[in-house]
>>> print(open('my_file-v8.tsv').read())   # TSV, C-alpha atoms
chain	number	residue	atom	x	y	z
E	1	MET	CA	17.80	3.52	-42.26
E	2	THR	CA	17.02	0.41	-44.31
E	3	ASN	CA	13.73	-1.51	-44.14
E	4	GLN	CA	15.58	-4.32	-42.41
E	5	SER	CA	16.96	-1.91	-39.80
E	6	VAL	CA	13.49	-0.50	-39.15
E	7	ARG	CA	12.10	-4.03	-38.70
E	8	VAL	CA	14.89	-4.92	-36.29
E	9	LEU	CA	14.30	-1.73	-34.33
E	10	LEU	CA	10.54	-2.31	-34.15
E	11	ALA	CA	11.02	-5.91	-33.09
E	12	ALA	CA	13.44	-4.83	-30.37
E	13	MET	CA	11.03	-2.17	-29.12
E	14	LEU	CA	8.13	-4.63	-29.02
E	15	ALA	CA	10.28	-7.15	-27.20
E	16	LEU	CA	11.21	-4.56	-24.58
E	17	LEU	CA	7.58	-3.58	-24.03
E	18	TRP	CA	6.52	-7.21	-23.78
E	19	SER	CA	9.36	-8.17	-21.45
E	20	ALA	CA	8.56	-5.39	-18.98
E	21	GLY	CA	5.22	-7.03	-18.21
E	22	ALA	CA	6.33	-10.60	-18.74
E	23	ALA	CA	9.25	-10.90	-16.32
E	24	ALA	CA	7.07	-12.82	-13.86
E	25	GLN	CA	6.21	-15.21	-16.68
E	26	ILE	CA	9.80	-16.34	-17.20
E	27	VAL	CA	11.19	-19.40	-15.46
E	28	SER	CA	14.95	-19.17	-14.97
E	29	ALA	CA	17.58	-21.66	-13.87
E	30	LYS	CA	21.34	-21.49	-13.96
E	31	ALA	CA	24.20	-23.88	-14.29
E	32	LYS	CA	27.92	-23.55	-13.80
E	33	GLY	CA	29.95	-24.61	-16.79
E	34	LYS	CA	30.64	-23.86	-20.41
E	35	PHE	CA	27.84	-22.64	-22.67
E	36	ASP	CA	28.39	-25.38	-25.27
E	37	ASP	CA	28.33	-28.12	-22.61
E	38	VAL	CA	25.05	-26.87	-21.14
E	39	LYS	CA	23.59	-26.52	-24.64
E	40	ASP	CA	24.60	-30.10	-25.46
E	41	SER	CA	22.92	-31.29	-22.25
E	42	LEU	CA	19.79	-29.33	-23.13
E	43	VAL	CA	19.69	-30.79	-26.64
E	44	LEU	CA	20.07	-34.31	-25.22
E	45	ALA	CA	17.32	-33.70	-22.65
E	46	ILE	CA	14.97	-32.56	-25.42
E	47	GLN	CA	15.88	-35.46	-27.70
E	48	SER	CA	15.62	-38.04	-24.89
E	49	ARG	CA	11.88	-37.31	-24.86
E	50	GLY	CA	11.60	-38.11	-28.55
E	51	LEU	CA	11.36	-34.44	-29.50
E	52	LYS	CA	13.11	-32.79	-32.43
E	53	ILE	CA	14.58	-29.29	-32.37
E	54	ASP	CA	13.03	-27.45	-35.32
E	55	HIS	CA	15.11	-24.30	-35.16
E	56	THR	CA	17.95	-22.67	-33.27
E	57	SER	CA	17.92	-18.87	-33.02
E	58	TYR	CA	21.34	-17.30	-32.57
E	59	ILE	CA	20.05	-14.32	-30.62
E	60	GLY	CA	23.41	-13.21	-29.22
E	61	ASN	CA	24.92	-13.11	-32.70
E	62	MET	CA	21.95	-11.18	-34.06
E	63	LEU	CA	22.20	-8.54	-31.32
E	64	GLU	CA	25.94	-8.14	-31.92
E	65	ARG	CA	25.43	-7.85	-35.67
E	66	THR	CA	22.56	-5.34	-35.47
E	67	GLY	CA	23.69	-3.21	-32.51
E	68	GLY	CA	25.07	-0.46	-34.68
E	69	ASP	CA	21.90	-0.40	-36.79
E	70	VAL	CA	19.79	0.39	-33.73
E	71	GLY	CA	22.27	2.80	-32.16
E	72	SER	CA	23.58	0.58	-29.38
E	73	ALA	CA	27.05	-0.75	-28.74
E	74	LYS	CA	26.14	-2.43	-25.44
E	75	ARG	CA	27.00	-6.10	-25.34
E	76	VAL	CA	24.04	-7.91	-23.78
E	77	TYR	CA	25.24	-11.53	-23.86
E	78	GLY	CA	28.41	-13.55	-23.99
E	79	LYS	CA	26.52	-16.22	-25.93
E	80	ALA	CA	22.76	-16.55	-26.38
E	81	GLU	CA	20.65	-19.04	-28.30
E	82	ALA	CA	17.06	-20.26	-28.26
E	83	LEU	CA	15.99	-23.80	-29.12
E	84	GLN	CA	12.55	-24.25	-30.65
E	85	PHE	CA	10.68	-27.56	-30.59
E	86	CYS	CA	7.24	-29.06	-30.03
E	87	SER	CA	5.59	-32.20	-28.71
E	88	ALA	CA	2.90	-33.74	-30.90
E	89	VAL	CA	1.37	-35.45	-27.86
E	90	VAL	CA	1.24	-32.43	-25.53
E	91	SER	CA	0.36	-29.97	-28.29
E	92	ARG	CA	-2.45	-32.11	-29.66
E	93	LYS	CA	-4.04	-32.45	-26.21
E	94	MET	CA	-3.93	-28.73	-25.51
E	95	MET	CA	-5.12	-27.75	-29.00
E	96	GLU	CA	-7.96	-30.28	-29.02
E	97	ARG	CA	-9.06	-28.72	-25.73
E	98	GLU	CA	-8.86	-25.17	-27.17
E	99	ALA	CA	-7.85	-24.36	-30.75
E	100	ALA	CA	-6.41	-20.98	-29.69
E	101	ASN	CA	-3.75	-22.85	-27.69
E	102	ILE	CA	-1.82	-22.99	-30.95
E	103	ALA	CA	-0.25	-19.77	-29.64
E	104	PHE	CA	1.72	-21.85	-27.10
E	105	CYS	CA	3.48	-23.86	-29.80
E	106	PRO	CA	6.34	-24.14	-30.55
E	107	TYR	CA	8.04	-24.28	-27.18
E	108	VAL	CA	11.25	-22.34	-26.72
E	109	ILE	CA	14.02	-22.79	-24.19
E	110	ALA	CA	16.75	-20.17	-24.36
E	111	LEU	CA	20.18	-20.21	-22.80
E	112	TYR	CA	22.70	-17.45	-22.38
E	113	THR	CA	25.78	-16.20	-20.60
E	114	LEU	CA	26.49	-12.65	-19.56
E	115	PRO	CA	29.57	-10.84	-20.87
E	116	ALA	CA	31.15	-10.58	-17.40
E	117	ASP	CA	30.61	-14.26	-16.48
E	118	GLY	CA	31.01	-16.86	-19.19
E	119	ASN	CA	30.90	-19.73	-16.67
E	120	THR	CA	27.31	-19.23	-15.53
E	121	VAL	CA	24.75	-20.34	-18.08
E	122	TYR	CA	21.17	-19.17	-17.61
E	123	VAL	CA	18.43	-21.41	-19.00
E	124	VAL	CA	15.02	-19.76	-19.39
E	125	TYR	CA	11.58	-20.40	-20.77
E	126	ARG	CA	8.16	-18.73	-20.74
E	127	LYS	CA	5.42	-20.11	-18.53
E	128	SER	CA	2.72	-21.79	-20.53
E	129	LEU	CA	-0.07	-24.25	-19.91
E	130	PRO	CA	0.51	-26.64	-16.97
E	131	GLU	CA	1.30	-29.68	-19.12
E	132	VAL	CA	3.83	-27.71	-21.16
E	133	ASP	CA	5.39	-26.26	-17.99
E	134	VAL	CA	5.88	-29.77	-16.60
E	135	LEU	CA	7.59	-30.85	-19.82
E	136	LEU	CA	9.86	-27.81	-20.00
E	137	ALA	CA	10.73	-27.94	-16.29
E	138	GLY	CA	11.72	-31.61	-16.65
E	139	ILE	CA	13.90	-30.87	-19.66
E	140	VAL	CA	15.68	-27.98	-17.90
E	141	LYS	CA	16.15	-29.98	-14.69
E	142	GLU	CA	17.70	-32.87	-16.61
E	143	ALA	CA	19.95	-30.53	-18.59
E	144	ILE	CA	21.44	-28.62	-15.65
E	145	GLU	CA	21.96	-31.50	-13.22
>>> encode(input="my_file-v8.tsv", output="C-alpha coordinates")
Amino acid sequence: MTNQSVRVLLAAMLALLWSAGAAAQIVSAKAKGKFDDVKDSLVLAIQSRGLKIDHTSYIGNMLERTGGDVGSAKRVYGKAEALQFCSAVVSRKMMEREAANIAFCPYVIALYTLPADGNTVYVVYRKSLPEVDVLLAGIVKEAIE
(Lines of atoms letter the chains of each structure in order from A and count residues from 1; the text may use other names and numbers.)
(Lines give C-alpha, C1' and ligand atoms only; values in the text may rest on other atoms or scores of the structure.)
Protein backbone atom coordinates (compact mmCIF):
# COMPACT_ATOMS: atom_id res chain seq x y z
CA MET A 1 0.00 0.00 0.00
CA THR A 2 1.40 3.41 -0.93
CA ASN A 3 1.75 6.33 1.49
CA GLN A 4 -1.05 8.08 -0.35
CA SER A 5 -3.31 5.03 0.04
CA VAL A 6 -2.57 4.87 3.76
CA ARG A 7 -3.40 8.57 4.14
CA VAL A 8 -6.67 8.11 2.24
CA LEU A 9 -7.56 5.12 4.39
CA LEU A 10 -6.77 6.96 7.63
CA ALA A 11 -8.74 10.00 6.53
CA ALA A 12 -11.71 7.81 5.65
CA MET A 13 -11.54 6.04 9.01
CA LEU A 14 -11.37 9.33 10.91
CA ALA A 15 -14.27 10.68 8.91
CA LEU A 16 -16.36 7.63 9.76
CA LEU A 17 -15.58 7.93 13.46
CA TRP A 18 -16.36 11.64 13.44
CA SER A 19 -19.58 11.24 11.46
CA ALA A 20 -20.97 8.64 13.85
CA GLY A 21 -21.11 11.24 16.61
CA ALA A 22 -21.77 14.22 14.41
CA ALA A 23 -24.94 13.18 12.57
CA ALA A 24 -27.03 15.42 14.83
CA GLN A 25 -24.73 18.30 13.91
CA ILE A 26 -25.55 18.14 10.20
CA VAL A 27 -28.29 20.27 8.69
CA SER A 28 -29.80 18.68 5.59
CA ALA A 29 -32.16 19.92 2.91
CA LYS A 30 -33.13 18.45 -0.42
CA ALA A 31 -34.22 19.71 -3.77
CA LYS A 32 -35.69 18.03 -6.82
CA GLY A 33 -33.76 18.67 -9.98
CA LYS A 34 -30.42 18.18 -11.65
CA PHE A 35 -27.22 18.31 -9.61
CA ASP A 36 -25.62 20.98 -11.81
CA ASP A 37 -28.71 23.22 -11.62
CA VAL A 38 -28.82 23.03 -7.82
CA LYS A 39 -25.07 23.65 -7.65
CA ASP A 40 -25.44 26.72 -9.88
CA SER A 41 -28.21 28.01 -7.60
CA LEU A 42 -26.02 27.40 -4.56
CA VAL A 43 -23.08 29.23 -6.12
CA LEU A 44 -25.32 32.19 -6.99
CA ALA A 45 -26.76 32.27 -3.46
CA ILE A 46 -23.24 32.39 -2.01
CA GLN A 47 -22.08 35.04 -4.47
CA SER A 48 -25.21 37.17 -3.99
CA ARG A 49 -23.98 37.81 -0.45
CA GLY A 50 -20.66 39.11 -1.74
CA LEU A 51 -18.85 35.90 -0.79
CA LYS A 52 -16.26 34.12 -2.90
CA ILE A 53 -15.92 30.35 -3.17
CA ASP A 54 -12.30 29.55 -2.30
CA HIS A 55 -12.32 25.88 -3.18
CA THR A 56 -14.51 23.13 -4.56
CA SER A 57 -13.84 19.59 -3.34
CA TYR A 58 -14.90 16.87 -5.77
CA ILE A 59 -15.63 14.32 -3.07
CA GLY A 60 -17.64 11.93 -5.24
CA ASN A 61 -14.84 11.73 -7.79
CA MET A 62 -12.26 11.16 -5.07
CA LEU A 63 -14.25 8.28 -3.55
CA GLU A 64 -14.69 6.67 -6.97
CA ARG A 65 -11.00 7.05 -7.76
CA THR A 66 -9.76 5.71 -4.40
CA GLY A 67 -12.33 2.97 -3.75
CA GLY A 68 -10.08 0.19 -4.95
CA ASP A 69 -7.18 1.51 -2.86
CA VAL A 70 -9.22 1.15 0.34
CA GLY A 71 -10.84 -2.15 -0.62
CA SER A 72 -14.31 -0.90 -1.44
CA ALA A 73 -16.23 -0.97 -4.69
CA LYS A 74 -19.42 0.50 -3.20
CA ARG A 75 -20.63 3.59 -5.00
CA VAL A 76 -21.63 6.12 -2.34
CA TYR A 77 -22.76 9.07 -4.49
CA GLY A 78 -24.04 9.84 -7.94
CA LYS A 79 -22.31 13.23 -7.72
CA ALA A 80 -20.87 14.91 -4.63
CA GLU A 81 -19.06 18.20 -4.15
CA ALA A 82 -18.34 20.59 -1.30
CA LEU A 83 -18.06 24.36 -1.68
CA GLN A 84 -15.74 26.17 0.71
CA PHE A 85 -16.03 29.89 1.43
CA CYS A 86 -15.90 32.43 4.24
CA SER A 87 -17.37 35.76 5.27
CA ALA A 88 -14.92 38.41 6.44
CA VAL A 89 -17.70 40.16 8.38
CA VAL A 90 -19.11 37.12 10.20
CA SER A 91 -15.72 35.48 10.72
CA ARG A 92 -14.12 38.63 12.11
CA LYS A 93 -16.94 39.07 14.65
CA MET A 94 -16.75 35.50 15.88
CA MET A 95 -12.94 35.44 15.98
CA GLU A 96 -12.69 38.79 17.77
CA ARG A 97 -15.05 37.33 20.36
CA GLU A 98 -12.94 34.14 20.71
CA ALA A 99 -9.72 33.47 18.78
CA ALA A 100 -10.34 29.70 18.85
CA ASN A 101 -13.40 30.25 16.65
CA ILE A 102 -10.97 30.10 13.74
CA ALA A 103 -11.90 26.40 13.74
CA PHE A 104 -15.31 27.33 12.29
CA CYS A 105 -13.79 28.90 9.19
CA PRO A 106 -13.99 28.24 6.29
CA TYR A 107 -17.65 27.36 5.93
CA VAL A 108 -18.56 24.37 3.81
CA ILE A 109 -21.82 23.50 2.10
CA ALA A 110 -21.85 20.13 0.38
CA LEU A 111 -24.30 18.77 -2.14
CA TYR A 112 -24.78 15.27 -3.43
CA THR A 113 -27.04 12.81 -5.17
CA LEU A 114 -27.37 9.13 -4.41
CA PRO A 115 -26.63 6.53 -7.09
CA ALA A 116 -30.25 5.30 -7.18
CA ASP A 117 -31.81 8.79 -7.45
CA GLY A 118 -30.02 11.40 -9.52
CA ASN A 119 -33.00 13.79 -9.37
CA THR A 120 -32.89 14.45 -5.63
CA VAL A 121 -30.04 16.70 -4.57
CA TYR A 122 -29.16 16.82 -0.89
CA VAL A 123 -27.60 20.03 0.42
CA VAL A 124 -25.86 19.74 3.79
CA TYR A 125 -23.71 21.72 6.18
CA ARG A 126 -22.35 21.38 9.71
CA LYS A 127 -23.94 23.35 12.52
CA SER A 128 -21.68 26.10 13.74
CA LEU A 129 -22.02 29.29 15.72
CA PRO A 130 -25.47 30.94 15.55
CA GLU A 131 -24.43 33.75 13.20
CA VAL A 132 -22.81 31.28 10.81
CA ASP A 133 -25.86 28.99 10.96
CA VAL A 134 -28.12 31.90 9.99
CA LEU A 135 -25.88 32.71 7.02
CA LEU A 136 -25.67 29.10 5.82
CA ALA A 137 -29.40 28.46 6.32
CA GLY A 138 -30.21 31.56 4.25
CA ILE A 139 -27.88 30.48 1.47
CA VAL A 140 -29.35 26.96 1.34
CA LYS A 141 -32.94 28.24 1.47
CA GLU A 142 -32.29 30.62 -1.42
CA ALA A 143 -30.56 27.90 -3.44
CA ILE A 144 -33.27 25.25 -3.18
CA GLU A 145 -36.35 27.43 -3.61
>>> atom_distance(input="my_file-v8.tsv", atom1="CA of Ser91 in chain E", atom2="CA of Ser128 in chain E")
11.5 Å
>>> closest_residue(input="my_file-v8.tsv", among="E:Gly67, E:Pro106, E:Gly78, E:Gly50", to="Val132 in chain E", atoms="only C-alpha atoms")
E:Pro106
>>> atom_distance(input="my_file-v8.tsv", atom1="CA of Asp69 in chain E", atom2="CA of Gln84 in chain E")
26.3 Å
>>> closest_residue(input="my_file-v8.tsv", among="E:Cys105, E:Val76, E:Leu63, E:Val123", to="Glu142 in chain E", atoms="only C-alpha atoms")
E:Val123
>>> residues_near_point(input="my_file-v8.tsv", point="(25.3, -4.1, -29.3)", cutoff="8 Å", atoms="all atoms listed in the file", output="ChimeraX atom specification")
/E:63-68,72-76
>>> closest_atom_pairs(input="my_file-v8.tsv", of="range 48-95 of chain E", to="range 20-39 of chain E", cutoff="9 Å", atoms="all atoms listed in the file", output="CSV")
residue,atom,partner,partner_atom,distance
E:Lys79,CA,E:Phe35,CA,7.3
E:Ala80,CA,E:Phe35,CA,8.8
E:Glu81,CA,E:Lys39,CA,8.8
>>> atom_distance(input="my_file-v8.tsv", atom1="CA of Asp133 in chain E", atom2="CA of Pro115 in chain E")
28.8 Å
>>> closest_residue(input="my_file-v8.tsv", among="E:Gly138, E:Gly71, E:Pro130, E:Gly60", to="Thr113 in chain E", atoms="only C-alpha atoms")
E:Gly60
>>> residues_near_point(input="my_file-v8.tsv", point="(0.1, -35.1, -23.2)", cutoff="9 Å", atoms="all atoms listed in the file", output="VMD selection string")
chain E and resid 87 to 94 131 to 132
>>> residues_around(input="my_file-v8.tsv", residues="range 42-47 of chain E", least_positions_apart="6", cutoff="12 Å", atoms="all atoms listed in the file", output="ChimeraX atom specification")
/E:31,35-36,53-56,81-87,107-111,121-124,135-145
>>> closest_residue(input="my_file-v8.tsv", among="E:Ala116, E:Leu129, E:Asn61, E:Val70", to="Asn101 in chain E", atoms="only C-alpha atoms")
E:Leu129
>>> axis_aligned_box(input="my_file-v8.tsv", around="range 82-97 of chain E", padding_each_side="3 Å", output="JSON")
{"center_x": 4.0, "center_y": -27.9, "center_z": -28.2, "size_x": 32.1, "size_y": 21.2, "size_z": 11.4}
